[in-house]
>>> print(open('protein.cif').read())   # mmCIF, C-alpha atoms
data_final
loop_
_atom_site.label_atom_id
_atom_site.label_comp_id
_atom_site.auth_asym_id
_atom_site.auth_seq_id
_atom_site.Cartn_x
_atom_site.Cartn_y
_atom_site.Cartn_z
CA MET A 226 250.81 134.78 55.26
CA ALA A 227 253.41 136.11 52.84
CA ALA A 228 253.41 136.51 49.07
CA VAL A 229 256.47 135.87 46.92
CA SER A 230 256.27 137.40 43.45
CA PHE A 231 257.95 136.10 40.31
CA GLN A 232 258.39 136.88 36.66
CA ASP A 233 254.85 136.09 35.55
CA GLU A 234 253.29 138.30 38.23
CA GLN A 235 251.38 135.37 39.70
CA PRO A 236 251.48 135.09 43.49
CA ASN A 237 253.17 132.25 45.30
CA ILE A 238 251.55 132.03 48.71
CA LEU A 239 253.62 131.00 51.75
CA ARG A 240 251.37 130.24 54.71
CA LEU A 241 252.37 129.52 58.26
CA THR A 242 251.51 125.94 59.17
CA LYS A 243 251.62 123.89 62.36
CA ILE A 244 253.90 121.08 63.44
CA TYR A 245 252.20 118.22 65.28
CA GLY A 246 253.42 115.69 67.81
CA TYR A 247 251.57 112.69 69.16
CA ARG A 248 250.59 112.93 72.83
CA GLU A 249 250.02 109.54 74.41
CA GLY A 250 248.13 110.99 77.35
CA ARG A 251 245.66 112.73 75.09
CA ARG A 252 245.67 109.93 72.51
CA GLY A 253 246.04 112.23 69.57
CA TRP A 254 248.20 114.50 67.45
CA ARG A 255 248.53 117.98 68.94
CA HIS A 256 250.21 121.20 67.87
CA MET A 257 253.84 121.38 69.06
CA SER A 258 255.27 124.77 69.91
CA ALA A 259 259.04 125.15 69.73
CA ARG A 260 258.93 127.06 73.00
CA LYS A 261 257.64 123.99 74.81
CA TYR A 262 260.65 121.78 74.13
CA GLU A 263 263.51 123.92 72.85
CA GLU A 264 265.13 124.58 76.23
CA GLN A 265 265.51 120.90 77.10
CA LEU A 266 267.35 119.89 73.94
CA ASP A 267 270.92 120.00 72.76
CA HIS A 268 270.80 120.94 69.11
CA PRO A 269 272.36 118.37 66.74
CA SER A 270 275.47 119.01 64.69
CA SER A 271 274.38 116.65 61.92
CA ILE A 272 271.04 115.76 60.37
CA GLN A 273 270.21 112.76 58.21
CA ILE A 274 267.97 113.76 55.31
CA VAL A 275 265.62 111.44 53.42
CA THR A 276 263.55 112.32 50.36
CA TRP A 277 261.18 109.78 48.80
CA ASN A 278 258.39 110.01 46.24
CA LEU A 279 255.80 107.34 47.13
CA ASP A 280 253.80 107.28 43.87
CA HIS A 281 250.19 108.30 44.46
CA ARG A 282 248.98 106.55 41.28
CA ALA A 283 249.80 102.98 42.28
CA PRO A 284 247.11 100.91 44.05
CA ASN A 285 247.27 99.78 47.68
CA PRO A 286 248.65 103.04 49.13
CA LYS A 287 248.13 101.95 52.76
CA GLU A 288 250.06 98.72 52.32
CA ARG A 289 252.86 100.51 50.48
CA MET A 290 253.10 103.18 53.19
CA PHE A 291 253.40 100.49 55.87
CA VAL A 292 256.37 98.87 54.12
CA ALA A 293 258.00 102.22 53.35
CA LEU A 294 257.90 103.22 57.03
CA ARG A 295 259.17 99.82 58.11
CA HIS A 296 262.05 100.18 55.65
CA LEU A 297 262.93 103.59 57.09
CA GLU A 298 262.73 102.33 60.66
CA THR A 299 264.70 99.11 60.30
CA TYR A 300 266.99 99.53 57.29
CA VAL A 301 267.65 103.25 56.94
CA PHE A 302 267.74 104.35 60.59
CA LYS A 303 268.52 100.95 62.17
CA CYS A 304 265.79 101.25 64.82
CA GLY A 305 264.41 97.72 64.59
CA GLY A 306 265.36 97.01 68.20
CA GLY A 307 263.50 100.00 69.56
CA GLN A 308 266.40 102.45 69.32
CA ASP A 309 265.79 106.18 68.92
CA PRO A 310 266.51 107.47 65.40
CA VAL A 311 269.37 109.90 64.87
CA ALA A 312 268.50 113.54 64.26
CA CYS A 313 266.75 113.46 60.90
CA CYS A 314 264.31 115.06 58.51
CA ILE A 315 262.18 112.85 56.24
CA MET A 316 260.58 114.49 53.20
CA LEU A 317 257.90 112.47 51.41
CA GLN A 318 256.14 113.36 48.16
CA GLU A 319 253.02 111.96 46.50
CA VAL A 320 251.59 110.69 49.78
CA HIS A 321 248.11 109.40 48.93
CA GLU A 322 245.33 110.73 51.15
CA ASP A 323 244.42 107.14 52.10
CA ALA A 324 248.01 106.47 53.19
CA LEU A 325 248.29 109.48 55.52
CA PRO A 326 246.26 107.85 58.35
CA ARG A 327 248.51 104.77 58.12
CA LEU A 328 251.54 107.02 58.61
CA LEU A 329 249.94 108.79 61.58
CA ASP A 330 248.97 105.47 63.19
CA ASN A 331 252.50 104.09 63.01
CA ALA A 332 253.92 103.56 66.52
CA TRP A 333 257.48 104.47 65.53
CA ILE A 334 256.33 107.73 63.94
CA ARG A 335 254.14 108.60 66.92
CA LYS A 336 256.93 108.09 69.42
CA HIS A 337 259.86 109.71 67.63
CA PHE A 338 258.63 112.35 65.14
CA VAL A 339 256.74 115.57 64.69
CA VAL A 340 254.79 115.83 61.44
CA THR A 341 253.25 118.32 59.04
CA PRO A 342 250.56 118.15 57.79
CA ILE A 343 248.31 115.65 59.59
CA SER A 344 245.30 116.21 57.34
CA ALA A 345 244.73 115.92 53.60
CA GLU A 346 242.00 118.56 53.65
CA LYS A 347 244.08 121.09 51.68
CA TRP A 348 245.37 118.57 49.14
CA THR A 349 243.33 119.48 46.09
CA ARG A 350 244.37 116.41 44.07
CA GLY A 351 244.16 113.67 46.69
CA TYR A 352 247.88 113.54 47.44
CA GLY A 353 250.63 115.81 48.75
CA ASN A 354 253.91 116.27 50.57
CA VAL A 355 254.57 115.30 54.19
CA THR A 356 257.60 116.27 56.28
CA LEU A 357 258.66 114.41 59.42
CA VAL A 358 261.31 115.68 61.84
CA ALA A 359 262.84 113.70 64.70
CA ARG A 360 261.73 115.01 68.10
CA THR A 361 265.38 115.60 68.99
CA VAL A 362 265.42 118.47 66.45
CA VAL A 363 263.70 121.78 67.24
CA VAL A 364 261.43 123.11 64.49
CA VAL A 365 261.32 126.89 64.80
CA TYR A 366 259.09 127.53 61.78
CA ALA A 367 256.90 125.58 59.37
CA GLY A 368 255.18 126.83 56.23
CA THR A 369 253.29 125.63 53.18
CA LEU A 370 254.11 127.17 49.82
CA THR A 371 251.67 127.08 46.91
CA PHE A 372 253.18 127.88 43.52
CA GLY A 373 251.16 130.41 41.55
CA TYR A 374 252.79 129.28 38.31
CA SER A 375 251.69 125.65 38.21
CA SER A 376 249.12 123.75 36.21
CA ALA A 377 249.44 120.69 38.47
CA GLY A 378 248.86 122.36 41.85
CA ARG A 379 252.48 121.91 42.95
CA GLY A 380 254.18 123.51 45.94
CA ALA A 381 256.48 122.83 48.88
CA LEU A 382 256.69 122.34 52.64
CA VAL A 383 259.19 124.48 54.53
CA VAL A 384 260.64 123.70 57.98
CA ASP A 385 263.36 125.63 59.79
CA LEU A 386 265.52 123.50 62.08
CA LYS A 387 267.83 124.49 64.92
CA VAL A 388 271.33 123.00 64.66
CA SER A 389 274.61 123.66 66.43
CA SER A 390 278.29 123.55 65.51
CA PRO A 391 280.32 120.74 67.12
CA LYS A 392 281.63 121.60 70.55
CA ALA A 393 285.16 122.61 69.64
CA ASN A 394 285.26 125.74 71.76
CA GLU A 395 281.83 127.19 72.26
CA PRO A 396 278.99 125.77 70.13
CA GLN A 397 277.13 128.23 67.93
CA ASP A 398 273.47 127.69 67.09
CA MET A 399 272.06 128.36 63.63
CA VAL A 400 268.84 127.76 61.73
CA LEU A 401 268.79 125.78 58.50
CA ARG A 402 265.81 125.52 56.17
CA MET A 403 264.60 122.22 54.71
CA ILE A 404 262.29 122.51 51.69
CA ASN A 405 260.30 119.46 50.60
CA THR A 406 259.06 119.96 47.04
CA HIS A 407 257.53 118.29 44.03
CA LEU A 408 258.09 120.37 40.91
CA GLU A 409 255.96 120.56 37.77
CA PRO A 410 255.79 117.29 35.78
CA GLY A 411 256.39 116.62 32.10
CA ALA A 412 258.77 117.79 29.41
CA LEU A 413 256.57 120.82 28.73
CA GLY A 414 256.76 121.81 32.39
CA VAL A 415 260.44 122.81 32.29
CA ARG A 416 259.63 126.55 32.13
CA MET A 417 257.48 126.20 35.23
CA ARG A 418 260.15 124.14 36.98
CA ARG A 419 262.69 126.87 36.31
CA THR A 420 260.45 129.48 37.91
CA GLN A 421 259.44 127.20 40.79
CA LEU A 422 263.03 126.36 41.66
CA GLY A 423 263.86 130.05 41.59
CA VAL A 424 261.10 130.75 44.09
CA LEU A 425 262.41 128.02 46.41
CA THR A 426 265.97 129.29 46.10
CA SER A 427 264.83 132.75 47.20
CA LEU A 428 263.42 131.18 50.37
CA LEU A 429 266.90 129.91 51.23
CA ARG A 430 268.69 133.18 50.53
CA LYS A 431 266.42 136.12 51.29
CA THR A 432 265.95 135.70 55.03
CA ASP A 433 267.61 137.15 58.09
CA HIS A 434 267.45 134.19 60.46
CA VAL A 435 268.15 131.27 58.08
CA ARG A 436 271.81 130.45 57.38
CA GLY A 437 271.12 128.25 54.34
CA GLY A 438 269.58 124.89 53.70
CA VAL A 439 268.32 122.20 51.38
CA ILE A 440 265.74 121.76 48.62
CA ALA A 441 264.92 118.08 48.21
CA GLY A 442 262.27 116.06 46.44
CA GLY A 443 260.86 115.26 43.04
CA MET A 444 262.51 117.62 40.55
CA ASN A 445 260.95 115.87 37.51
CA ALA A 446 264.17 116.43 35.56
CA VAL A 447 263.00 114.89 32.30
CA SER A 448 264.43 117.34 29.76
CA PRO A 449 268.06 118.24 28.93
CA GLU A 450 267.41 121.78 30.17
CA ASP A 451 266.60 120.47 33.65
CA THR A 452 270.24 119.49 34.12
CA GLU A 453 271.20 123.17 34.07
CA LEU A 454 268.50 124.48 36.42
CA PRO A 455 270.34 124.05 39.75
CA GLY A 456 273.45 125.82 38.47
CA ASP A 457 271.37 128.58 36.90
CA HIS A 458 269.98 129.30 40.37
CA HIS A 459 273.43 129.01 42.01
CA LEU A 460 272.46 125.84 43.82
CA MET A 461 274.76 122.91 44.49
CA ASP A 462 273.71 119.36 43.65
CA ALA A 463 274.62 116.94 46.44
CA TRP A 464 275.12 114.19 43.84
CA THR A 465 278.85 114.34 43.08
CA PHE A 466 278.98 111.92 40.14
CA PRO A 467 278.04 112.43 36.46
CA ASN A 468 274.35 113.11 35.93
CA ARG A 469 273.96 110.06 33.67
CA ASN A 470 275.69 107.67 36.06
CA PRO A 471 273.16 104.82 36.46
CA SER A 472 273.89 104.56 40.19
CA GLY A 473 272.17 107.93 40.58
CA PHE A 474 268.95 107.05 38.73
CA THR A 475 265.97 107.26 41.08
CA TRP A 476 263.24 106.32 38.63
CA GLY A 477 262.81 103.98 35.68
CA SER A 478 263.65 100.57 37.09
CA GLN A 479 260.26 99.88 38.65
CA ASP A 480 257.00 100.32 36.68
CA SER A 481 258.33 103.00 34.35
CA GLY A 482 256.82 101.68 31.14
CA ASP A 483 258.83 102.47 28.02
CA LEU A 484 260.58 105.56 29.37
CA PRO A 485 264.31 105.36 30.15
CA PRO A 486 265.66 105.51 33.72
CA ALA A 487 266.49 108.99 35.01
CA ARG A 488 267.62 110.95 38.07
CA LEU A 489 264.28 112.61 38.79
CA ASP A 490 264.84 113.11 42.52
CA LYS A 491 267.58 115.35 43.88
CA VAL A 492 269.03 117.01 46.95
CA LEU A 493 270.05 120.60 46.20
CA TYR A 494 271.49 123.14 48.59
CA VAL A 495 272.92 126.61 49.04
CA GLU A 496 276.66 126.30 49.49
CA ARG A 497 277.92 127.51 52.87
CA ARG A 498 281.37 125.94 53.18
CA LYS A 499 282.08 127.52 56.55
CA ALA A 500 278.71 126.47 57.96
CA TYR A 501 277.94 122.94 56.72
CA THR A 502 278.67 120.22 54.19
CA ILE A 503 276.35 117.65 52.60
CA ASP A 504 277.27 114.09 51.64
CA SER A 505 276.52 112.66 48.20
CA PRO A 506 273.18 110.85 48.56
CA LYS A 507 272.64 107.11 48.49
CA ARG A 508 269.54 105.38 47.15
CA ILE A 509 267.08 103.57 49.40
CA GLY A 510 263.98 101.48 48.73
CA ILE A 511 265.54 99.54 45.87
CA GLY A 512 263.53 96.45 44.94
CA LEU A 513 261.10 96.99 47.82
CA ARG A 514 257.76 95.16 47.48
CA ALA A 515 254.54 95.60 49.45
CA PHE A 516 252.18 92.90 50.72
CA ASN A 517 248.58 92.91 51.91
CA ASP A 518 247.26 91.39 55.13
CA ASP A 519 246.97 87.98 53.45
CA GLY A 520 250.64 88.05 52.46
CA ARG A 521 249.92 88.62 48.79
CA ASP A 522 252.42 90.70 46.83
CA VAL A 523 250.67 93.92 45.73
CA GLY A 524 253.54 95.57 43.86
CA TRP A 525 256.43 97.94 44.27
CA VAL A 526 256.38 100.27 47.25
CA SER A 527 257.08 103.08 44.78
CA ASP A 528 258.22 103.64 41.23
CA HIS A 529 260.88 105.93 42.73
CA PHE A 530 263.88 105.10 44.87
CA GLY A 531 264.41 107.34 47.87
CA LEU A 532 267.57 109.24 48.70
CA LEU A 533 269.51 109.39 51.97
CA THR A 534 272.17 111.95 52.78
CA ARG A 535 273.73 113.73 55.77
CA LEU A 536 274.15 117.40 56.52
CA LEU A 537 277.14 118.01 58.79
CA VAL A 538 277.57 121.32 60.61
CA ARG A 539 281.20 122.42 60.61
CA ALA A 540 283.15 123.30 63.76
CA ARG A 541 283.63 127.04 64.22
#
>>> encode(input="protein.cif", output="structure tokens")
Amino acid sequence: MAAVSFQDEQPNILRLTKIYGYREGRRGWRHMSARKYEEQLDHPSSIQIVTWNLDHRAPNPKERMFVALRHLETYVFKCGGGQDPVACCIMLQEVHEDALPRLLDNAWIRKHFVVTPISAEKWTRGYGNVTLVARTVVVVYAGTLTFGYSSAGRGALVVDLKVSSPKANEPQDMVLRMINTHLEPGALGVRMRRTQLGVLTSLLRKTDHVRGGVIAGGMNAVSPEDTELPGDHHLMDAWTFPNRNPSGFTWGSQDSGDLPPARLDKVLYVERRKAYTIDSPKRIGIGLRAFNDDGRDVGWVSDHFGLLTRLLVRAR
């Protein structure tokens, strides 16, 4: 367990957590040690990254989770015919505690992914973040960060992934960090978001074994000041178009009430031009509806669109 201090002298606690894989022979999710499978894998030179806020407030969380996973399997990763997914990391926010068992029971997830967490016991508000990593990617570390400076119990999941440069001469392995977060909500939460993003940025920079990485998730960028936060922390925004370009809005088209559409979800990263590049993200989950067992429409899968991007390791 490690403590990260910040300006208000309140501790942010980063705890080691476990990664779990489903074992068919034991009919259950079991702790996966990197040592058990690292030697038999070639490390990928690109990783597809998904971030998606699944709206814990909406009813029918199990039905919505089922459709969201089906969308990822068939539309995003093109695995409808039983194909293995490409190397990928899926970062979900606002997973309702009732939807987590539906995720863990999914056959595609069981066969192809490792997951953290597999229990909602430490979710104090009945929902939380979940990170899934394709089994073809080695996870060398996983941690759970709890922000000390948060009135909404926000935090992040951290996973360190082993990647390799393309085989030009001799491939070089490196570790990249993927941070799945959900920052403080509301216009009045901008001061907390500034501090929280600073804490996450320090986790990408102040480490010996991590070369860089990504912060993705719900940034709750609802105030004009939020637009400046990534740059203030020397982070790059993977979105390469103007901030107010409607094609980048991830929230506001589905069950947003009277509030205007906005780009609340983002993929941010530490720039390492000689190590990797990141594509501008595309939206997923647009217009996606969920249905119950009787075929009745029960609403949008989420009030947020997801984002899909690719991290490409450069040849060295």
>>> residues_around(input="protein.cif", residues="Ala412 (chain A)", least_positions_apart="5", cutoff="12 Å", atoms="all atoms listed in the file", output="PyMOL selection string")
chain A and resi 417-418+444-451
>>> resolve_selection(input="protein.cif", expression="the PyMOL selection byres ((chain A and resi 248-256) around 12)", output="PyMOL selection string")
chain A and resi 242-247+257-261+326+329-330+332+334-344+364+367
>>> closest_atom_pairs(input="protein.cif", of="region 235-332 of chain A", to="region 485-493 of chain A", cutoff="10 Å", atoms="only C-alpha atoms", output="CSV")
residue,atom,partner,partner_atom,distance
A:Ile274,CA,A:Val492,CA,9.0
A:Val275,CA,A:Val492,CA,9.2
A:Thr276,CA,A:Val492,CA,8.0
A:Trp277,CA,A:Asp490,CA,8.0
A:Asn278,CA,A:Asp490,CA,8.1
>>> residues_around(input="protein.cif", residues="region 477-480 of chain A", least_positions_apart="2", cutoff="8 Å", atoms="all atoms listed in the file", output="ChimeraX atom specification")
/A:474-475,482,484-487,512,525,527-529
>>> resolve_selection(input="protein.cif", expression="the PyMOL selection byres ((chain A and resi 371) around 8)", output="PyMOL selection string")
chain A and resi 237-239+369-370+372-373+378-381
>>> resolve_selection(input="protein.cif", expression="the PyMOL selection byres ((chain A and resi 306-315) around 7)", output="list in words")
Pro269, Ile272, Gln273, Ile274, Val275, Thr276, Phe302, Cys304, Gly305, Met316, Leu317, Thr356, Leu357, Val358, Ala359, Thr361 and Val362 of chain A
>>> closest_residue(input="protein.cif", among="A:Val292, A:Gly473, A:Ile404, A:His281", to="Asn331 (chain A)", atoms="all atoms listed in the file")
A:Val292
>>> closest_residue(input="protein.cif", among="A:Glu453, A:Asp522, A:Asp483, A:Glu496", to="Ile440 (chain A)", atoms="all atoms listed in the file")
A:Glu496
>>> closest_residue(input="protein.cif", among="A:Met290, A:Pro455, A:Ser376, A:Glu319", to="Trp348 (chain A)", atoms="all atoms listed in the file")
A:Glu319
>>> closest_residue(input="protein.cif", among="A:Val400, A:Ala515, A:Leu429, A:Leu382", to="Tyr494 (chain A)", atoms="all atoms listed in the file")
A:Leu429
>>> residues_near_point(input="protein.cif", point="(278.8, 114.4, 41.1)", cutoff="12 Å", atoms="only C-alpha atoms", output="list in words")
Met461, Asp462, Ala463, Trp464, Thr465, Phe466, Pro467, Asn468, Arg469, Asn470, Ser472, Gly473, Lys491, Val492, Leu493, Asp504, Ser505 and Pro506 of chain A
>>> closest_residue(input="protein.cif", among="A:Asp280, A:Asp398, A:Asp385, A:Glu322", to="Phe530 (chain A)", atoms="only C-alpha atoms")
A:Asp280
>>> closest_residue(input="protein.cif", among="A:Leu425, A:Leu413, A:Met399, A:Leu241", to="Tyr366 (chain A)", atoms="all atoms listed in the file")
A:Leu241
